[in-house]
$ cat target_6.cif   # mmCIF, C-alpha atoms and all ligand atoms
data_start
#
loop_
_atom_site.label_atom_id
_atom_site.label_comp_id
_atom_site.auth_asym_id
_atom_site.auth_seq_id
_atom_site.Cartn_x
_atom_site.Cartn_y
_atom_site.Cartn_z
CA MET L 342 119.53 58.63 114.34
CA THR L 343 123.04 57.22 114.84
CA ASP L 344 126.50 58.67 114.26
CA LYS L 345 129.31 57.15 112.15
CA THR L 346 130.06 54.57 114.86
CA GLY L 347 126.43 53.45 115.06
CA THR L 348 125.79 55.22 118.41
CA ARG L 349 122.45 56.96 118.87
CA ARG L 350 122.91 60.72 118.64
CA HIS L 351 122.40 62.77 121.79
CA ALA L 352 121.35 66.39 122.49
CA GLU L 353 121.69 68.41 125.69
CA ILE L 354 119.30 71.37 125.88
CA ALA L 355 119.32 74.24 128.40
CA GLY L 356 115.86 75.69 129.13
CA ALA L 357 112.40 74.12 129.24
CA GLY L 358 110.54 77.07 127.70
CA ILE L 359 108.75 77.11 124.34
CA GLY L 360 112.00 76.91 122.35
CA GLY L 361 113.78 74.20 124.35
CA LEU L 362 110.75 71.91 124.64
CA THR L 363 109.88 72.18 120.93
CA THR L 364 113.45 71.38 119.91
CA ALA L 365 113.58 68.47 122.35
CA ALA L 366 110.33 66.89 121.15
CA ALA L 367 111.25 67.28 117.48
CA LEU L 368 114.73 65.77 117.96
CA ALA L 369 113.42 62.83 120.00
CA GLN L 370 110.83 62.17 117.30
CA ARG L 371 113.73 61.92 114.83
CA GLY L 372 115.41 59.18 116.86
CA TRP L 373 117.75 61.26 119.07
CA SER L 374 118.17 60.80 122.80
CA VAL L 375 117.51 64.19 124.45
CA THR L 376 117.97 65.69 127.92
CA VAL L 377 116.50 69.09 128.83
CA HIS L 378 117.86 71.04 131.81
CA GLU L 379 115.50 73.49 133.51
CA ARG L 380 116.89 75.80 136.18
CA ALA L 381 113.53 76.20 137.97
CA PRO L 382 112.33 73.61 140.48
CA ASN L 383 109.24 72.85 138.36
CA LEU L 384 107.89 73.23 134.82
CA ARG L 385 105.16 75.72 135.65
CA THR L 386 104.98 79.11 133.99
CA PHE L 387 103.47 82.41 135.17
CA GLY L 388 99.82 83.47 134.74
CA ALA L 389 99.32 85.07 131.33
CA GLY L 390 97.85 84.29 127.95
CA ILE L 391 99.64 83.89 124.65
CA TYR L 392 98.71 84.53 121.00
CA ILE L 393 99.57 81.69 118.61
CA TRP L 394 99.27 82.38 114.88
CA SER L 395 98.99 79.89 112.00
CA ASN L 396 102.76 79.44 111.73
CA GLY L 397 103.04 78.38 115.38
CA LEU L 398 99.92 76.21 115.11
CA ARG L 399 101.53 74.36 112.19
CA VAL L 400 104.58 73.59 114.32
CA LEU L 401 102.41 72.36 117.20
CA LYS L 402 100.63 70.10 114.74
CA ALA L 403 103.89 68.76 113.29
CA ILE L 404 105.22 67.74 116.72
CA GLY L 405 101.88 66.35 117.95
CA ALA L 406 101.17 69.01 120.62
CA TYR L 407 98.32 70.75 118.79
CA ASP L 408 95.29 68.81 120.06
CA GLN L 409 96.19 69.40 123.70
CA ALA L 410 97.30 73.00 123.18
CA VAL L 411 94.04 74.16 121.58
CA VAL L 412 91.57 72.65 124.06
CA GLY L 413 89.28 75.49 125.20
CA ALA L 414 91.28 78.09 123.25
CA HIS L 415 89.67 81.39 122.41
CA VAL L 416 89.28 82.06 118.69
CA GLY L 417 88.57 85.75 118.19
CA PRO L 418 86.91 87.21 115.07
CA GLN L 419 89.06 90.36 114.69
CA PHE L 420 91.95 92.28 116.18
CA HIS L 421 91.11 95.94 116.83
CA THR L 422 93.34 98.87 117.71
CA ARG L 423 91.53 101.78 119.35
CA ASP L 424 92.65 105.35 119.92
CA HIS L 425 92.34 107.61 122.99
CA ASP L 426 88.64 108.21 122.14
CA ASN L 427 87.97 104.47 121.84
CA THR L 428 87.58 104.91 118.07
CA THR L 429 88.78 101.98 115.97
CA MET L 430 91.98 102.84 114.10
CA GLU L 431 92.50 99.40 112.53
CA GLU L 432 90.51 96.21 112.24
CA ILE L 433 92.43 93.08 111.30
CA PRO L 434 90.18 90.19 110.27
CA ILE L 435 91.35 86.78 111.50
CA ASN L 436 90.11 83.23 111.46
CA GLY L 437 87.81 83.80 108.47
CA GLN L 438 88.06 82.20 105.03
CA GLY L 439 91.51 83.07 103.66
CA ASP L 440 92.60 84.94 106.80
CA ALA L 441 95.52 83.99 109.02
CA ARG L 442 94.43 81.84 111.95
CA LEU L 443 94.96 83.00 115.51
CA ILE L 444 94.13 81.45 118.84
CA THR L 445 94.78 82.58 122.39
CA ILE L 446 95.37 80.22 125.29
CA LEU L 447 96.95 80.26 128.72
CA ARG L 448 100.75 80.00 128.69
CA GLU L 449 100.49 77.17 131.14
CA GLN L 450 98.43 75.16 128.68
CA LEU L 451 101.01 75.66 125.92
CA ILE L 452 103.90 74.61 128.19
CA ASN L 453 101.94 71.60 129.49
CA SER L 454 101.19 70.45 125.95
CA LEU L 455 104.89 70.71 125.05
CA VAL L 456 106.03 68.94 128.23
CA ASP L 457 103.58 66.09 127.64
CA THR L 458 104.68 65.83 123.99
CA CYS L 459 108.32 65.65 125.13
CA ARG L 460 107.54 62.92 127.65
CA ARG L 461 105.59 60.88 125.08
CA SER L 462 108.55 61.23 122.71
CA GLY L 463 111.02 59.94 125.31
CA VAL L 464 112.72 63.22 126.31
CA GLU L 465 114.37 63.35 129.75
CA ILE L 466 113.59 66.62 131.58
CA LEU L 467 115.67 67.54 134.63
CA THR L 468 114.48 70.36 136.89
CA ASN L 469 116.71 72.23 139.38
CA SER L 470 119.42 71.81 136.75
CA GLU L 471 121.12 75.09 135.88
CA ALA L 472 123.36 75.43 132.85
CA VAL L 473 126.21 77.94 133.02
CA GLY L 474 127.87 77.57 129.64
CA ALA L 475 128.72 75.41 126.64
CA THR L 476 131.67 74.70 124.40
CA PRO L 477 131.85 74.59 120.58
CA GLU L 478 132.99 70.97 120.92
CA GLY L 479 129.54 70.02 122.26
CA GLU L 480 129.76 70.14 126.05
CA LEU L 481 127.07 71.55 128.31
CA LEU L 482 128.44 72.96 131.57
CA LEU L 483 126.21 72.77 134.63
CA ALA L 484 126.26 74.87 137.80
CA ASP L 485 127.16 71.80 139.87
CA GLY L 486 130.40 71.44 137.90
CA THR L 487 129.24 68.56 135.67
CA ARG L 488 130.25 68.61 131.97
CA ARG L 489 127.85 66.72 129.69
CA LYS L 490 129.02 65.69 126.24
CA ALA L 491 126.61 65.68 123.28
CA ASP L 492 126.45 65.65 119.50
CA LEU L 493 124.42 68.86 119.78
CA VAL L 494 124.00 71.39 122.61
CA VAL L 495 121.11 73.87 122.46
CA GLY L 496 120.89 77.12 124.42
CA ALA L 497 117.18 77.87 124.79
CA ASP L 498 117.76 79.53 128.14
CA GLY L 499 115.90 82.78 127.50
CA ILE L 500 116.86 86.40 127.10
CA ASN L 501 119.67 86.32 129.69
CA SER L 502 121.17 83.18 128.10
CA LYS L 503 124.35 82.01 129.80
CA LEU L 504 125.13 79.63 126.94
CA ARG L 505 125.03 82.45 124.38
CA ASP L 506 127.28 84.65 126.48
CA SER L 507 129.75 81.84 127.27
CA LEU L 508 130.30 81.52 123.49
CA ASP L 509 130.57 85.29 122.89
CA LEU L 510 127.78 85.23 120.27
CA MET L 511 125.99 88.49 121.07
CA MET L 512 125.94 91.11 118.32
CA TYR L 513 123.67 93.49 120.25
CA ARG L 514 120.96 93.66 122.89
CA LYS L 515 118.73 96.72 122.63
CA HIS L 516 116.41 97.95 125.40
CA LEU L 517 113.38 99.56 123.77
CA GLY L 518 112.36 101.76 126.71
CA TYR L 519 108.95 100.12 126.94
CA GLY L 520 107.38 97.06 128.56
CA ALA L 521 104.26 95.44 129.99
CA ILE L 522 102.63 94.11 133.13
CA ARG L 523 100.80 90.88 132.33
CA MET L 524 97.99 89.40 134.40
CA LEU L 525 95.10 86.95 134.19
CA ILE L 526 91.63 87.68 135.58
CA GLY L 527 88.20 86.12 135.08
CA ARG L 528 86.07 87.31 132.14
CA ASP L 529 83.16 89.61 132.97
CA ASP L 530 80.47 90.66 130.51
CA ALA L 531 80.42 94.21 131.83
CA ASP L 532 84.07 94.93 130.91
CA VAL L 533 83.37 95.91 127.29
CA PRO L 534 80.24 96.29 125.11
CA ALA L 535 78.70 93.01 123.89
CA GLU L 536 80.06 93.40 120.32
CA ASP L 537 83.63 93.69 121.69
CA ARG L 538 83.61 90.78 124.12
CA ASP L 539 85.18 88.19 121.86
CA ARG L 540 87.52 90.54 120.01
CA TYR L 541 91.20 91.08 120.71
CA ILE L 542 91.54 94.81 121.38
CA GLU L 543 94.50 97.07 121.96
CA TYR L 544 93.58 100.46 123.45
CA PHE L 545 96.02 103.39 123.19
CA THR L 546 96.20 106.59 125.24
CA GLY L 547 99.32 108.76 125.37
CA THR L 548 102.28 106.43 125.88
CA ARG L 549 100.15 103.75 127.57
CA ARG L 550 98.29 100.76 126.08
CA ILE L 551 95.88 98.15 127.44
CA LEU L 552 95.65 94.86 125.58
CA TYR L 553 92.35 93.03 126.11
CA THR L 554 92.60 89.31 125.29
CA PRO L 555 90.02 86.63 126.00
CA ALA L 556 92.15 83.49 126.47
CA SER L 557 89.41 80.91 127.15
CA ALA L 558 85.69 80.93 127.93
CA THR L 559 86.51 82.09 131.48
CA ASP L 560 90.00 83.68 131.40
CA LEU L 561 90.89 87.20 130.37
CA TYR L 562 94.54 88.04 129.72
CA VAL L 563 95.34 91.71 130.24
CA ALA L 564 98.61 93.45 129.37
CA LEU L 565 99.24 96.98 130.66
CA CYS L 566 101.94 98.53 128.52
CA CYS L 567 103.92 101.66 129.30
CA ALA L 568 107.30 103.35 128.99
CA ALA L 569 110.05 101.85 131.09
CA ASP L 570 110.46 105.22 132.88
CA ASP L 571 106.73 105.59 133.61
CA ALA L 572 107.36 104.65 137.24
CA ALA L 573 103.75 105.11 138.40
CA ALA L 574 102.29 102.92 135.63
CA LEU L 575 104.71 99.99 135.84
CA LYS L 576 104.07 99.39 139.55
CA VAL L 577 102.71 95.95 140.51
CA PRO L 578 100.00 95.70 141.83
CA ALA L 579 98.73 98.00 139.09
CA ASP L 580 97.55 101.44 140.21
CA ARG L 581 93.84 101.25 139.36
CA ALA L 582 93.21 105.01 139.76
CA LEU L 583 96.02 105.81 137.32
CA TRP L 584 94.91 103.28 134.69
CA THR L 585 91.26 104.42 135.00
CA GLN L 586 92.37 108.01 134.45
CA SER L 587 94.14 106.99 131.21
CA PHE L 588 91.32 104.66 130.04
CA PRO L 589 88.00 105.94 131.52
CA HIS L 590 86.04 103.80 129.01
CA LEU L 591 87.61 100.70 130.63
CA ALA L 592 86.86 101.69 134.24
CA HIS L 593 84.96 98.49 134.96
CA LEU L 594 87.77 96.29 133.66
CA VAL L 595 90.43 98.25 135.55
CA SER L 596 88.43 98.02 138.79
CA ARG L 597 88.76 94.23 138.57
CA PHE L 598 92.57 94.12 138.27
CA GLY L 599 94.04 91.77 140.84
CA ASP L 600 97.24 92.28 142.84
CA ALA L 601 99.22 89.78 140.79
CA GLY L 602 101.13 90.73 137.64
CA ARG L 603 104.56 90.55 136.11
CA TRP L 604 106.51 93.38 134.48
CA ASP L 605 108.82 92.63 131.53
CA ALA L 606 110.83 95.15 129.55
CA PHE L 607 110.80 94.81 125.74
CA GLU L 608 114.16 94.08 124.15
CA VAL L 609 115.72 93.02 120.86
CA VAL L 610 118.56 90.49 120.73
CA LYS L 611 120.61 89.81 117.60
CA LEU L 612 123.53 87.43 117.42
CA LYS L 613 126.69 87.39 115.29
CA LYS L 614 125.84 83.75 114.53
CA TRP L 615 123.19 81.39 115.84
CA SER L 616 125.73 78.64 116.55
CA LYS L 617 129.36 77.93 117.35
CA GLY L 618 130.66 74.47 116.58
CA ARG L 619 128.13 71.98 117.92
CA THR L 620 126.21 74.48 120.10
CA ALA L 621 123.13 76.28 118.75
CA ILE L 622 121.19 79.15 120.37
CA LEU L 623 117.48 79.78 119.77
CA GLY L 624 114.35 81.44 121.10
CA ASP L 625 114.68 84.68 123.09
CA ALA L 626 118.33 83.83 123.74
CA ALA L 627 119.02 84.35 120.02
CA HIS L 628 116.23 86.51 118.63
CA ALA L 629 114.18 88.26 121.33
CA MET L 630 111.72 90.83 120.00
CA PRO L 631 108.99 93.14 121.33
CA PRO L 632 105.59 91.38 121.42
CA TYR L 633 103.62 93.67 119.07
CA LEU L 634 103.16 90.86 116.51
CA GLY L 635 102.67 88.09 119.11
CA GLN L 636 105.41 86.11 117.38
CA GLY L 637 108.36 85.70 119.80
CA GLY L 638 107.03 82.30 120.84
CA GLY L 639 106.03 81.58 117.23
CA CYS L 640 109.64 82.08 116.12
CA ALA L 641 110.91 79.88 118.98
CA LEU L 642 108.50 77.14 117.82
CA MET L 643 109.56 77.48 114.16
CA ASN L 644 113.28 77.57 114.87
CA GLY L 645 113.13 74.63 117.30
CA LEU L 646 111.45 72.38 114.74
CA GLY L 647 113.63 73.77 111.94
CA LEU L 648 116.77 72.97 113.94
CA ALA L 649 115.69 69.38 114.55
CA ALA L 650 114.87 68.91 110.87
CA ALA L 651 118.25 70.37 109.84
CA VAL L 652 120.44 68.18 112.07
CA ALA L 653 118.30 65.04 112.15
CA ASP L 654 120.22 62.91 109.65
CA ALA L 655 123.01 65.36 108.87
CA PRO L 656 126.48 63.83 108.49
CA ASP L 657 128.09 67.08 109.72
CA ILE L 658 126.39 68.94 112.60
CA GLU L 659 128.32 72.21 112.12
CA GLN L 660 127.36 72.41 108.45
CA ALA L 661 123.75 71.55 109.29
CA LEU L 662 123.63 74.37 111.85
CA ALA L 663 124.95 76.85 109.30
CA ALA L 664 122.29 75.69 106.79
CA TRP L 665 119.60 75.97 109.52
CA GLU L 666 120.55 79.58 110.24
CA GLU L 667 120.65 80.47 106.55
CA ARG L 668 117.14 79.09 106.06
CA GLU L 669 115.43 80.37 109.21
CA ARG L 670 117.11 83.66 109.98
CA PRO L 671 115.52 85.83 107.23
CA ILE L 672 111.91 85.25 108.37
CA THR L 673 112.95 85.63 112.03
CA GLU L 674 114.67 88.94 111.33
CA HIS L 675 111.74 90.15 109.24
CA THR L 676 109.54 89.44 112.29
CA GLN L 677 111.91 91.17 114.71
CA ASP L 678 112.30 94.26 112.51
CA THR L 679 108.57 94.59 111.78
CA ALA L 680 107.72 94.20 115.47
CA GLU L 681 110.30 96.79 116.46
CA ARG L 682 108.91 99.33 113.96
CA LEU L 683 105.39 98.85 115.37
CA GLY L 684 106.66 100.19 118.69
CA ASP L 685 107.66 103.54 117.19
CA MET L 686 104.13 104.91 117.55
CA ASN L 687 104.12 104.41 121.34
CA PHE L 688 105.62 107.84 121.74
CA TRP L 689 103.61 109.76 119.11
CA PRO L 690 100.94 112.31 120.14
CA ASP L 691 97.43 110.74 120.25
CA GLU L 692 96.00 112.72 117.31
CA LEU L 693 98.93 111.95 115.02
CA ARG L 694 98.90 108.23 115.89
CA SER L 695 95.18 108.07 115.30
CA GLU L 696 95.40 109.74 111.86
CA VAL L 697 98.39 107.68 110.73
CA MET L 698 97.00 104.33 111.91
CA LYS L 699 93.65 104.92 110.25
CA ILE L 700 95.55 105.33 106.95
CA THR L 701 98.20 102.61 107.42
CA GLY L 702 95.49 100.21 108.62
CA LYS L 703 94.05 100.31 105.07
CA SER L 704 97.37 99.58 103.32
CA ARG L 705 97.41 96.08 101.85
CA GLU L 706 101.18 96.25 101.52
CA LEU L 707 101.78 97.05 105.19
CA GLY L 708 99.16 94.51 106.22
CA ALA L 709 100.91 91.81 104.16
CA GLU L 710 104.24 92.71 105.73
CA ARG L 711 102.74 92.40 109.21
CA MET L 712 101.05 89.08 108.43
CA LYS L 713 104.03 87.58 106.61
CA THR L 714 105.17 85.47 109.58
CA ALA L 715 101.65 84.32 110.43
CA ARG L 716 101.16 83.16 106.82
CA TYR L 717 104.61 81.57 106.56
CA GLN L 718 104.85 77.82 106.23
CA PRO L 719 107.57 76.76 108.67
CA THR L 720 110.14 74.09 107.78
CA ALA L 721 108.90 70.51 108.25
CA THR L 722 105.23 71.48 108.59
CA GLU L 723 102.07 70.88 106.56
CA PRO L 724 99.35 73.44 105.83
CA LEU L 725 96.61 73.52 108.46
CA ALA L 726 93.37 71.82 107.52
C1 LIG L 801 104.74 91.03 127.30
C2 LIG L 801 105.06 89.89 126.38
C3 LIG L 801 104.03 89.30 125.65
C4 LIG L 801 104.33 88.28 124.75
N1 LIG L 801 103.32 87.73 124.03
C5 LIG L 801 103.58 86.77 123.10
C6 LIG L 801 102.53 86.20 122.32
O1 LIG L 801 101.36 86.54 122.51
N2 LIG L 801 102.85 85.25 121.39
C7 LIG L 801 104.14 84.85 121.20
O2 LIG L 801 104.38 83.98 120.34
N3 LIG L 801 105.15 85.35 121.94
C8 LIG L 801 104.90 86.29 122.89
N4 LIG L 801 105.92 86.79 123.67
C9 LIG L 801 107.28 86.29 123.47
C10 LIG L 801 107.46 84.90 124.08
O3 LIG L 801 107.01 84.88 125.41
C11 LIG L 801 108.92 84.49 124.04
O4 LIG L 801 109.45 84.75 122.76
C12 LIG L 801 109.08 83.01 124.36
O5 LIG L 801 108.61 82.73 125.66
C13 LIG L 801 110.54 82.60 124.23
O6 LIG L 801 110.67 81.26 124.60
P1 LIG L 801 112.10 80.68 125.01
O7 LIG L 801 111.90 79.23 125.22
O8 LIG L 801 113.12 81.15 124.05
O9 LIG L 801 112.48 81.42 126.36
P2 LIG L 801 111.78 81.42 127.82
O10 LIG L 801 110.29 81.38 127.68
O11 LIG L 801 112.39 82.57 128.51
O12 LIG L 801 112.25 80.05 128.44
C14 LIG L 801 113.58 79.87 128.89
C15 LIG L 801 113.57 78.73 129.91
O13 LIG L 801 114.93 78.49 130.29
C16 LIG L 801 115.04 78.45 131.71
N5 LIG L 801 116.40 78.88 132.01
C17 LIG L 801 116.89 80.14 132.00
N6 LIG L 801 118.20 80.12 132.29
C18 LIG L 801 118.54 78.84 132.47
C19 LIG L 801 119.77 78.19 132.78
N7 LIG L 801 120.90 78.89 132.95
N8 LIG L 801 119.79 76.83 132.88
C20 LIG L 801 118.64 76.10 132.70
N9 LIG L 801 117.45 76.69 132.43
C21 LIG L 801 117.40 78.03 132.30
C22 LIG L 801 113.96 79.39 132.21
O14 LIG L 801 113.60 79.09 133.55
C23 LIG L 801 112.84 79.09 131.20
O15 LIG L 801 112.05 77.99 131.61
C24 LIG L 801 105.66 87.82 124.59
C25 LIG L 801 106.68 88.39 125.35
C26 LIG L 801 106.39 89.41 126.24
C27 LIG L 801 107.52 90.03 127.03
#

$ encode --input "target_6.cif" --output "structure tokens"
Amino acid sequence: MTDKTGTRRHAEIAGAGIGGLTTAAALAQRGWSVTVHERAPNLRTFGAGIYIWSNGLRVLKAIGAYDQAVVGAHVGPQFHTRDHDNTTMEEIPINGQGDARLITILREQLINSLVDTCRRSGVEILTNSEAVGATPEGELLLADGTRRKADLVVGADGINSKLRDSLDLMMYRKHLGYGAIRMLIGRDDADVPAEDRDRYIEYFTGTRRILYTPASATDLYVALCCAADDAAALKVPADRALWTQSFPHLAHLVSRFGDAGRWDAFEVVKLKKWSKGRTAILGDAAHAMPPYLGQGGGCALMNGLGLAAAVADAPDIEQALAAWEERERPITEHTQDTAERLGDMNFWPDELRSEVMKITGKSRELGAERMKTARYQPTATEPLA
């Protein structure tokens, strides 16, 4: 794509995470020249799994990353939530005829598939390159003092986004008082009964949760969730005696926890606007959410592709960014708000949560609300075969 003077249009992007890489690939595929700046010395991510629903899979397909991303993925038959007695409160069918699709993979595999797609599409990726701000006129400011001019600047630099803050775009950032330790371990048949092995299962006890997620034939992704002031539970390495006491039915699994793990607090970020002038903000920088729907990355994928489609041939970038926000923000905010509400029950007494979830789990209306993002057809995508 060229501008009025016939020059090829150029984008500068801060952050080589899910949002930045998706935007970069989609812009390059529309004829733009694109440079991505990643602060870290390499493009590796930490050891954890990730849920990708139909909406995210459609985006991966549209940018040509799908085939690599899904190699060896785990495709579970249901998602279960279990109460303190290990009784099923809800069973969400997935991957059947007419159901939403869901796969789980390693985060590293998702990032690698996006990096390779970017490289095939001609994107330049610079590591050890830290962005510190941007201007509405379309300049990316780097830590080494360089100012890089572009038709479009994108801040996909995560929840602590420097680009967002340099443009004074924050409406609010809310700490939800809860978070998770994520880790990867090998799968072991003795962890759960045979009928549960391939399921995705979230176990609740008191204010703690354990999320059991097969992420390949050999990898198990485990998330240990607890209140942000539950000092004993959020310690890394995880305290095996404490987690066994809360989840005696998972004693074998807990005994296998390794020493590695990463704690992240859950937060919500909402912006006054998703752009200022020629600079757009997306991903966790613009719309972070708690992970109860497994859709933070899904929204980064959708909004990255949606942004590229909006500006691709647009005569006026500012107007295109306003139209992009108008189109994409409602489904993103629906996802954020639904996810935030799902966290309310973390602090309910066990018996109450169990009774309520057994009832709400049967509500078609609530189920449809929860699955709305998964079933959504993102901009510039085709239905999955
Ligand atoms: C516990 C937990 C579980 C989750 N599970 C899921 C799930 O199953 N499915 C799902 O879809 N989502 C999930 N999410 C959400 C998902 O991880 C995020 O929404 C997603 O990673 C956001 O991508 P991003 O590209 O916006 O930001 P990030 O992944 O944070 O990437 C930002 C990138 O920018 C780089 N960077 C930062 N600052 C700078 C700078 N100044 N200059 C240059 N580079 C910079 C960083 O190094 C990083 O590479 C989960 C989140 C949590 C906390």

$ atom_distance --input "target_6.cif" --atom1 "CA of Ala721 in chain L" --atom2 "CA of Ala621 in chain L"
18.6 Å

$ residues_around --input "target_6.cif" --residues "Ala531 in chain L" --least-positions-apart "4" --cutoff "12 Å" --atoms "only C-alpha atoms" --output "list in words"
Gly527, Ala535, Glu536, Asp537, Arg538, His590, Leu591, Ala592, His593, Leu594, Val595, Ser596 and Arg597 of chain L

$ closest_atom_pairs --input "target_6.cif" --of "range 531-613 of chain L" --to "range 437-447 of chain L" --cutoff "9 Å" --atoms "all atoms listed in the file" --output "Markdown table"
| residue | atom | partner | partner_atom | distance |
| --- | --- | --- | --- | --- |
| L:Thr554 | CA | L:Thr445 | CA | 7.6 |
| L:Pro555 | CA | L:Thr445 | CA | 7.2 |
| L:Ala556 | CA | L:Ile446 | CA | 4.7 |
| L:Ser557 | CA | L:Ile446 | CA | 6.3 |
| L:Asp560 | CA | L:Leu447 | CA | 8.2 |
| L:Tyr562 | CA | L:Leu447 | CA | 8.2 |

$ closest_residue --input "target_6.cif" --among "L:Leu561, L:Trp615, L:Ala641, L:Gln677" --to "Gly599 in chain L" --atoms "all atoms listed in the file"
L:Leu561

$ residues_near_ligand --input "target_6.cif" --ligand "ligand LIG 801 (chain L)" --cutoff "6 Å" --atoms "only C-alpha atoms and all ligand atoms" --output "ChimeraX atom specification"
/L:355-361,378-381,391-393,470-473,497-499,502-503,521,605,607,624-626,632,635-639,641

$ write_last_selection --input "target_6.cif" --atoms "C-alpha atoms" --output "mmCIF file, in the coordinates of the input"
data_model
loop_
_atom_site.group_PDB
_atom_site.id
_atom_site.type_symbol
_atom_site.label_atom_id
_atom_site.label_comp_id
_atom_site.auth_asym_id
_atom_site.auth_seq_id
_atom_site.Cartn_x
_atom_site.Cartn_y
_atom_site.Cartn_z
ATOM 1 C CA ALA L 355 119.320 74.240 128.400
ATOM 2 C CA GLY L 356 115.860 75.690 129.130
ATOM 3 C CA ALA L 357 112.400 74.120 129.240
ATOM 4 C CA GLY L 358 110.540 77.070 127.700
ATOM 5 C CA ILE L 359 108.750 77.110 124.340
ATOM 6 C CA GLY L 360 112.000 76.910 122.350
ATOM 7 C CA GLY L 361 113.780 74.200 124.350
ATOM 8 C CA HIS L 378 117.860 71.040 131.810
ATOM 9 C CA GLU L 379 115.500 73.490 133.510
ATOM 10 C CA ARG L 380 116.890 75.800 136.180
ATOM 11 C CA ALA L 381 113.530 76.200 137.970
ATOM 12 C CA ILE L 391 99.640 83.890 124.650
ATOM 13 C CA TYR L 392 98.710 84.530 121.000
ATOM 14 C CA ILE L 393 99.570 81.690 118.610
ATOM 15 C CA SER L 470 119.420 71.810 136.750
ATOM 16 C CA GLU L 471 121.120 75.090 135.880
ATOM 17 C CA ALA L 472 123.360 75.430 132.850
ATOM 18 C CA VAL L 473 126.210 77.940 133.020
ATOM 19 C CA ALA L 497 117.180 77.870 124.790
ATOM 20 C CA ASP L 498 117.760 79.530 128.140
ATOM 21 C CA GLY L 499 115.900 82.780 127.500
ATOM 22 C CA SER L 502 121.170 83.180 128.100
ATOM 23 C CA LYS L 503 124.350 82.010 129.800
ATOM 24 C CA ALA L 521 104.260 95.440 129.990
ATOM 25 C CA ASP L 605 108.820 92.630 131.530
ATOM 26 C CA PHE L 607 110.800 94.810 125.740
ATOM 27 C CA GLY L 624 114.350 81.440 121.100
ATOM 28 C CA ASP L 625 114.680 84.680 123.090
ATOM 29 C CA ALA L 626 118.330 83.830 123.740
ATOM 30 C CA PRO L 632 105.590 91.380 121.420
ATOM 31 C CA GLY L 635 102.670 88.090 119.110
ATOM 32 C CA GLN L 636 105.410 86.110 117.380
ATOM 33 C CA GLY L 637 108.360 85.700 119.800
ATOM 34 C CA GLY L 638 107.030 82.300 120.840
ATOM 35 C CA GLY L 639 106.030 81.580 117.230
ATOM 36 C CA ALA L 641 110.910 79.880 118.980
#

$ closest_residue --input "target_6.cif" --among "L:Gln409, L:Thr428, L:Thr548, L:Thr620" --to "Glu353 in chain L" --atoms "all atoms listed in the file"
L:Thr620

$ residues_around --input "target_6.cif" --residues "Pro671 in chain L" --least-positions-apart "6" --cutoff "12 Å" --atoms "all atoms listed in the file" --output "PDB file with C-alpha atoms, in the coordinates of the input"
ATOM      1  CA  HIS L 628     116.230  86.510 118.630  1.00  0.00           C
ATOM      2  CA  CYS L 640     109.640  82.080 116.120  1.00  0.00           C
ATOM      3  CA  ASN L 644     113.280  77.570 114.870  1.00  0.00           C
ATOM      4  CA  TRP L 665     119.600  75.970 109.520  1.00  0.00           C
ATOM      5  CA  GLN L 677     111.910  91.170 114.710  1.00  0.00           C
ATOM      6  CA  ASP L 678     112.300  94.260 112.510  1.00  0.00           C
ATOM      7  CA  LYS L 713     104.030  87.580 106.610  1.00  0.00           C
ATOM      8  CA  THR L 714     105.170  85.470 109.580  1.00  0.00           C
ATOM      9  CA  TYR L 717     104.610  81.570 106.560  1.00  0.00           C
TER      10      TYR L 717
END

$ decode --input "target_6.cif" --residues "range 462-467 of chain L" --atoms "N, CA, C and O atoms" --output "PDB file, in the first residue's frame"
ATOM      1  N   SER L 462       6.336 -12.905   5.812  1.00  0.00           N
ATOM      2  CA  SER L 462       5.602 -11.777   5.229  1.00  0.00           C
ATOM      3  C   SER L 462       6.492 -10.551   5.048  1.00  0.00           C
ATOM      4  O   SER L 462       6.023  -9.503   4.594  1.00  0.00           O
ATOM      5  N   GLY L 463       7.764 -10.659   5.464  1.00  0.00           N
ATOM      6  CA  GLY L 463       8.707  -9.557   5.232  1.00  0.00           C
ATOM      7  C   GLY L 463       8.812  -8.552   6.369  1.00  0.00           C
ATOM      8  O   GLY L 463       9.347  -7.456   6.192  1.00  0.00           O
ATOM      9  N   VAL L 464       8.324  -8.913   7.568  1.00  0.00           N
ATOM     10  CA  VAL L 464       8.415  -7.999   8.721  1.00  0.00           C
ATOM     11  C   VAL L 464       9.844  -7.990   9.263  1.00  0.00           C
ATOM     12  O   VAL L 464      10.477  -9.044   9.371  1.00  0.00           O
ATOM     13  N   GLU L 465      10.324  -6.802   9.635  1.00  0.00           N
ATOM     14  CA  GLU L 465      11.625  -6.705  10.313  1.00  0.00           C
ATOM     15  C   GLU L 465      11.363  -6.736  11.825  1.00  0.00           C
ATOM     16  O   GLU L 465      10.530  -5.960  12.320  1.00  0.00           O
ATOM     17  N   ILE L 466      12.056  -7.633  12.547  1.00  0.00           N
ATOM     18  CA  ILE L 466      11.880  -7.691  14.006  1.00  0.00           C
ATOM     19  C   ILE L 466      13.214  -7.375  14.660  1.00  0.00           C
ATOM     20  O   ILE L 466      14.213  -8.065  14.418  1.00  0.00           O
ATOM     21  N   LEU L 467      13.224  -6.328  15.501  1.00  0.00           N
ATOM     22  CA  LEU L 467      14.455  -5.936  16.189  1.00  0.00           C
ATOM     23  C   LEU L 467      14.327  -6.271  17.668  1.00  0.00           C
ATOM     24  O   LEU L 467      13.386  -5.804  18.330  1.00  0.00           O
TER      25      LEU L 467
END
